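Colleague: Below: one structure in structure tokens.
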Amino acid sequence: MAEEKNGCSSASTCSKESCEGCSSKKTSFLEEPNPNARIKHVIGVVSGKGGVGKSFVTSSLASMMAKAGYKVGILDADITGPSIPKMFGIHGPAVGDENGTYPIVAEDGTKIMSINLLLEDEEAPVVWRGPVIAGAVKQFWTDVQWEDVDYLFVDMPPGTGDVPLTVFQSLPVDGIVIVTSPQELVQMIVKKAYNMAEMMNIPVLGVVENYSYVKCPNCDEEIHIYGDSHIEEIAGDLNINLLGKMPMDQKFARAADAGQIYKVENNYLEDAKIILEKLS
């Protein structure tokens, strides 16, 4: 017996019109959100490597849009290294009912779901394999009652592994923001994230450079401790927007440690706000 593949026998001939299995239509892996979730825009925040302040940029974007009057949420997809709850000063346990789990709401109104809000011990390590981690990220989309959200920011782990792939395939991502730092390997970092998004047909809204410089407290001179920035050149080569260059500032670190990141006035991402509002 001839082996059947894609819905038709390999011993027969068929046309695209007559065989649905041979259709050129792409299979959609999109997951349905929780019935009690009404989310207008999903924005991924990604990086090609760790240690570039991606969670800080995620929380800064969310806080900025909340201050502008929008309803925002953060889906913390960094399962093994969650930091969003700490930065917003929230703790679990998250509760739910027969319709799903409720996100925990920070003082500024940001709705947040993170694995740390479900663990009995926030400091307990999450030692899971990739498929289990990816499944948890899906559940944050399908099982969480987000209700009304204008912008849901997805804070992803670094790299191009299971979680970014799951998010890009399973969630209706409107675009991604790439976070990087001003080091010589910056071009590789940005291009890895950019190329993955292009492969998955996900729009790149732009790039944010973090740790761009430190301002001298005495003379206000900008000190480029990680070397000169090349981000303008790289953004131009890739034809993507430069959404902001953020300095190293002790007030950011103090606010994050105190769980009050939303209280910081961060004007370095105004261009990002313009791009996000254009999605509406």
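By convention here, the chains of the structure tokens are called A, B, ... in the order presented, each chain's residues are numbered starting at 1, and ligands are numbered starting at 1 in the order presented.
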Report as a tab-separated table the residues of stretch 28-78 of chain A within 7 Å of stretch 169-188 of chain A, each with its shortest atom pair and distance in Å (one decimal), using only C-alpha atoms, ordered by chain and increasing residue number.
Modeller:
residue	atom	partner	partner_atom	distance
A:Phe29	CA	A:Ser170	CA	5.5
A:Leu30	CA	A:Ser170	CA	4.1
A:Glu31	CA	A:Ser170	CA	5.1
A:His41	CA	A:Asp174	CA	6.1
A:Val42	CA	A:Val173	CA	4.9
A:Ile43	CA	A:Gly175	CA	5.4
A:Gly44	CA	A:Ile176	CA	4.5
A:Val45	CA	A:Val177	CA	4.9
A:Val46	CA	A:Ile178	CA	5.1
A:Ser47	CA	A:Val179	CA	5.2
A:Val52	CA	A:Thr180	CA	5.6
A:Lys54	CA	A:Val179	CA	5.9
Colleague: What's the 9 Å shell around A:Asp108, counting only C-alpha atoms, without same-chain residues fewer than 4 positions away, as a VMD selection string?
Modeller: chain A and resid 63 66 to 67 88 262 to 263
Colleague: Give the answer as one residue: which of A:Gly100, A:Met113, A:Trp128, A:Thr160 has the shortest atom-to-atom distance to A:Gly50, using only C-alpha atoms?
Modeller: A:Thr160
Colleague: By how many Å are atom CA of A:Lys49 and atom CA of A:Ile90 apart?
Modeller: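 Between atom CA of A:Lys49 and atom CA of A:Ile90 the gap is 26.6 Å.
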Colleague: Going by DSSP on the backbone, which residues of stretch 22-270 of chain A come out as alpha helix (DSSP H)? List them as a short mmCIF file (atom, residue, chain, number, x, y, z; two decimals) with N, CA and C atoms, in the first residue's frame.
Modeller:
data_model
loop_
_atom_site.label_atom_id
_atom_site.label_comp_id
_atom_site.auth_asym_id
_atom_site.auth_seq_id
_atom_site.Cartn_x
_atom_site.Cartn_y
_atom_site.Cartn_z
N LYS A 54 17.00 43.65 29.21
CA LYS A 54 15.76 43.47 28.46
C LYS A 54 14.51 43.63 29.34
N SER A 55 14.57 43.07 30.55
CA SER A 55 13.43 43.19 31.46
C SER A 55 13.24 44.64 31.90
N PHE A 56 14.33 45.35 32.06
CA PHE A 56 14.23 46.77 32.41
C PHE A 56 13.57 47.55 31.28
N VAL A 57 13.93 47.25 30.04
CA VAL A 57 13.30 47.93 28.90
C VAL A 57 11.83 47.55 28.81
N THR A 58 11.51 46.28 29.06
CA THR A 58 10.11 45.84 29.05
C THR A 58 9.29 46.62 30.07
N SER A 59 9.79 46.69 31.30
CA SER A 59 9.06 47.40 32.34
C SER A 59 8.99 48.89 32.05
N SER A 60 10.02 49.44 31.45
CA SER A 60 10.03 50.87 31.10
C SER A 60 8.99 51.17 30.03
N LEU A 61 8.89 50.31 29.03
CA LEU A 61 7.89 50.49 27.98
C LEU A 61 6.48 50.40 28.56
N ALA A 62 6.27 49.39 29.42
CA ALA A 62 4.95 49.21 30.02
C ALA A 62 4.58 50.42 30.88
N SER A 63 5.51 50.88 31.70
CA SER A 63 5.23 52.02 32.58
C SER A 63 4.96 53.28 31.78
N MET A 64 5.73 53.46 30.71
CA MET A 64 5.54 54.65 29.86
C MET A 64 4.15 54.66 29.24
N MET A 65 3.70 53.51 28.74
CA MET A 65 2.39 53.46 28.11
C MET A 65 1.27 53.57 29.15
N ALA A 66 1.50 53.06 30.36
CA ALA A 66 0.51 53.19 31.43
C ALA A 66 0.34 54.65 31.83
N LYS A 67 1.46 55.37 31.91
CA LYS A 67 1.40 56.79 32.24
C LYS A 67 0.71 57.60 31.16
N ILE A 84 10.43 40.48 36.49
CA ILE A 84 9.39 41.51 36.40
C ILE A 84 8.65 41.71 37.73
N PRO A 85 8.22 40.65 38.43
CA PRO A 85 7.50 40.88 39.70
C PRO A 85 8.32 41.68 40.71
N LYS A 86 9.61 41.37 40.83
CA LYS A 86 10.47 42.10 41.75
C LYS A 86 10.53 43.58 41.39
N MET A 87 10.64 43.89 40.10
CA MET A 87 10.77 45.28 39.67
C MET A 87 9.50 46.08 39.93
N PHE A 88 8.35 45.40 39.96
CA PHE A 88 7.08 46.08 40.21
C PHE A 88 6.60 45.92 41.65
N GLY A 130 12.97 22.43 27.94
CA GLY A 130 12.41 23.40 27.01
C GLY A 130 10.93 23.24 26.70
N PRO A 131 10.45 22.04 26.36
CA PRO A 131 9.03 21.88 26.03
C PRO A 131 8.10 22.25 27.19
N VAL A 132 8.51 21.97 28.44
CA VAL A 132 7.69 22.31 29.59
C VAL A 132 7.64 23.83 29.76
N ILE A 133 8.79 24.47 29.57
CA ILE A 133 8.85 25.93 29.68
C ILE A 133 7.97 26.57 28.60
N ALA A 134 8.07 26.05 27.38
CA ALA A 134 7.25 26.58 26.30
C ALA A 134 5.77 26.40 26.58
N GLY A 135 5.41 25.27 27.19
CA GLY A 135 4.02 25.03 27.55
C GLY A 135 3.51 26.01 28.59
N ALA A 136 4.37 26.37 29.54
CA ALA A 136 3.98 27.34 30.56
C ALA A 136 3.72 28.71 29.93
N VAL A 137 4.55 29.08 28.97
CA VAL A 137 4.36 30.37 28.29
C VAL A 137 3.02 30.38 27.55
N LYS A 138 2.69 29.29 26.90
CA LYS A 138 1.39 29.20 26.22
C LYS A 138 0.25 29.37 27.21
N GLN A 139 0.39 28.74 28.39
CA GLN A 139 -0.67 28.83 29.39
C GLN A 139 -0.84 30.25 29.91
N PHE A 140 0.23 31.02 29.95
CA PHE A 140 0.11 32.42 30.35
C PHE A 140 -0.76 33.19 29.37
N TRP A 141 -0.89 32.68 28.16
CA TRP A 141 -1.73 33.29 27.14
C TRP A 141 -3.14 32.71 27.16
N THR A 142 -3.24 31.39 27.24
CA THR A 142 -4.55 30.73 27.11
C THR A 142 -5.33 30.68 28.42
N ASP A 162 13.54 27.95 22.37
CA ASP A 162 12.16 27.45 22.44
C ASP A 162 11.13 28.53 22.73
N VAL A 163 11.42 29.40 23.70
CA VAL A 163 10.41 30.37 24.12
C VAL A 163 10.14 31.42 23.03
N PRO A 164 11.14 32.07 22.46
CA PRO A 164 10.84 33.00 21.37
C PRO A 164 10.09 32.33 20.22
N LEU A 165 10.50 31.11 19.89
CA LEU A 165 9.81 30.38 18.82
C LEU A 165 8.35 30.14 19.20
N THR A 166 8.10 29.72 20.43
CA THR A 166 6.73 29.48 20.89
C THR A 166 5.90 30.76 20.83
N VAL A 167 6.47 31.86 21.32
CA VAL A 167 5.74 33.13 21.33
C VAL A 167 5.43 33.57 19.91
N PHE A 168 6.41 33.51 19.02
CA PHE A 168 6.20 33.96 17.64
C PHE A 168 5.16 33.10 16.91
N GLN A 169 5.10 31.82 17.25
CA GLN A 169 4.15 30.93 16.57
C GLN A 169 2.77 30.93 17.23
N SER A 170 2.72 31.09 18.54
CA SER A 170 1.48 30.86 19.28
C SER A 170 0.70 32.12 19.59
N VAL A 186 27.67 43.95 19.11
CA VAL A 186 26.28 44.41 19.01
C VAL A 186 25.66 44.05 17.67
N GLN A 187 26.43 44.12 16.60
CA GLN A 187 25.87 43.84 15.28
C GLN A 187 25.36 42.41 15.20
N MET A 188 26.14 41.48 15.75
CA MET A 188 25.71 40.08 15.76
C MET A 188 24.46 39.90 16.62
N ILE A 189 24.43 40.57 17.78
CA ILE A 189 23.30 40.45 18.69
C ILE A 189 22.01 40.89 18.02
N VAL A 190 22.04 42.06 17.43
CA VAL A 190 20.84 42.61 16.79
C VAL A 190 20.43 41.76 15.60
N LYS A 191 21.41 41.35 14.80
CA LYS A 191 21.07 40.61 13.58
C LYS A 191 20.49 39.24 13.88
N LYS A 192 20.92 38.59 14.96
CA LYS A 192 20.33 37.29 15.32
C LYS A 192 18.83 37.45 15.59
N ALA A 193 18.49 38.43 16.41
CA ALA A 193 17.08 38.66 16.73
C ALA A 193 16.31 39.12 15.50
N TYR A 194 16.93 40.00 14.72
CA TYR A 194 16.28 40.52 13.51
C TYR A 194 16.01 39.39 12.52
N ASN A 195 17.00 38.53 12.31
CA ASN A 195 16.84 37.45 11.33
C ASN A 195 15.80 36.44 11.76
N MET A 196 15.71 36.17 13.08
CA MET A 196 14.68 35.25 13.54
C MET A 196 13.29 35.84 13.30
N ALA A 197 13.13 37.12 13.62
CA ALA A 197 11.84 37.76 13.39
C ALA A 197 11.47 37.74 11.92
N GLU A 198 12.45 37.97 11.06
CA GLU A 198 12.19 37.96 9.62
C GLU A 198 11.78 36.57 9.15
N MET A 199 12.44 35.54 9.68
CA MET A 199 12.08 34.16 9.33
C MET A 199 10.64 33.84 9.72
N ILE A 231 25.00 51.81 17.10
CA ILE A 231 23.61 51.41 16.89
C ILE A 231 22.95 52.18 15.75
N GLU A 232 23.30 53.44 15.57
CA GLU A 232 22.70 54.20 14.46
C GLU A 232 23.06 53.57 13.12
N GLU A 233 24.31 53.19 13.00
CA GLU A 233 24.77 52.56 11.76
C GLU A 233 24.07 51.23 11.51
N ILE A 234 23.94 50.43 12.57
CA ILE A 234 23.31 49.11 12.42
C ILE A 234 21.82 49.25 12.12
N ALA A 235 21.15 50.16 12.82
CA ALA A 235 19.73 50.40 12.56
C ALA A 235 19.52 50.85 11.11
N GLY A 236 20.44 51.68 10.62
CA GLY A 236 20.35 52.12 9.23
C GLY A 236 20.57 50.99 8.25
N ASP A 237 21.54 50.13 8.53
CA ASP A 237 21.82 48.99 7.64
C ASP A 237 20.62 48.04 7.56
N LEU A 238 19.94 47.84 8.68
CA LEU A 238 18.80 46.93 8.72
C LEU A 238 17.47 47.62 8.39
N GLN A 250 21.85 55.29 38.34
CA GLN A 250 21.58 54.66 39.64
C GLN A 250 20.12 54.74 40.05
N LYS A 251 19.42 55.76 39.59
CA LYS A 251 18.02 55.88 40.00
C LYS A 251 17.18 54.74 39.41
N PHE A 252 17.57 54.24 38.23
CA PHE A 252 16.86 53.10 37.64
C PHE A 252 17.09 51.85 38.51
N ALA A 253 18.34 51.62 38.88
CA ALA A 253 18.66 50.44 39.69
C ALA A 253 17.98 50.51 41.06
N ARG A 254 17.99 51.68 41.68
CA ARG A 254 17.36 51.83 43.00
C ARG A 254 15.85 51.57 42.91
N ALA A 255 15.22 52.10 41.86
CA ALA A 255 13.78 51.91 41.70
C ALA A 255 13.43 50.44 41.46
N ALA A 256 14.24 49.76 40.66
CA ALA A 256 14.00 48.34 40.39
C ALA A 256 14.16 47.51 41.66
N ASP A 257 15.20 47.79 42.42
CA ASP A 257 15.44 47.05 43.67
C ASP A 257 14.33 47.29 44.68
N GLU A 270 10.73 57.92 24.16
CA GLU A 270 9.62 58.65 23.54
C GLU A 270 9.38 58.21 22.10
#
Colleague: Pick the closest to A:Gly92 from A:Gly69, A:Asp155, A:Lys245, A:Leu118: which is it, counting only C-alpha atoms?
Modeller: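 Nearest to A:Gly92: A:Leu118.
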Colleague: What residues in stretch 44-259 of chain A get the DSSP label strand (DSSP E or B)? Please answer as a count of residues only.
Modeller: 49
Colleague: With distances taken over only C-alpha atoms, which residue among A:Gly96, A:Pro33, A:Gly73, A:Gly206 lies nearest A:Asp150?
Modeller: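 The shortest atom-to-atom distance to A:Asp150 comes from A:Gly73.
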Colleague: Residues at most 9 Å from A:Met248, counting only C-alpha atoms, excluding those fewer than 6 positions away in the same chain, as a PyMOL selection string?
Modeller: chain A and resi 210-215
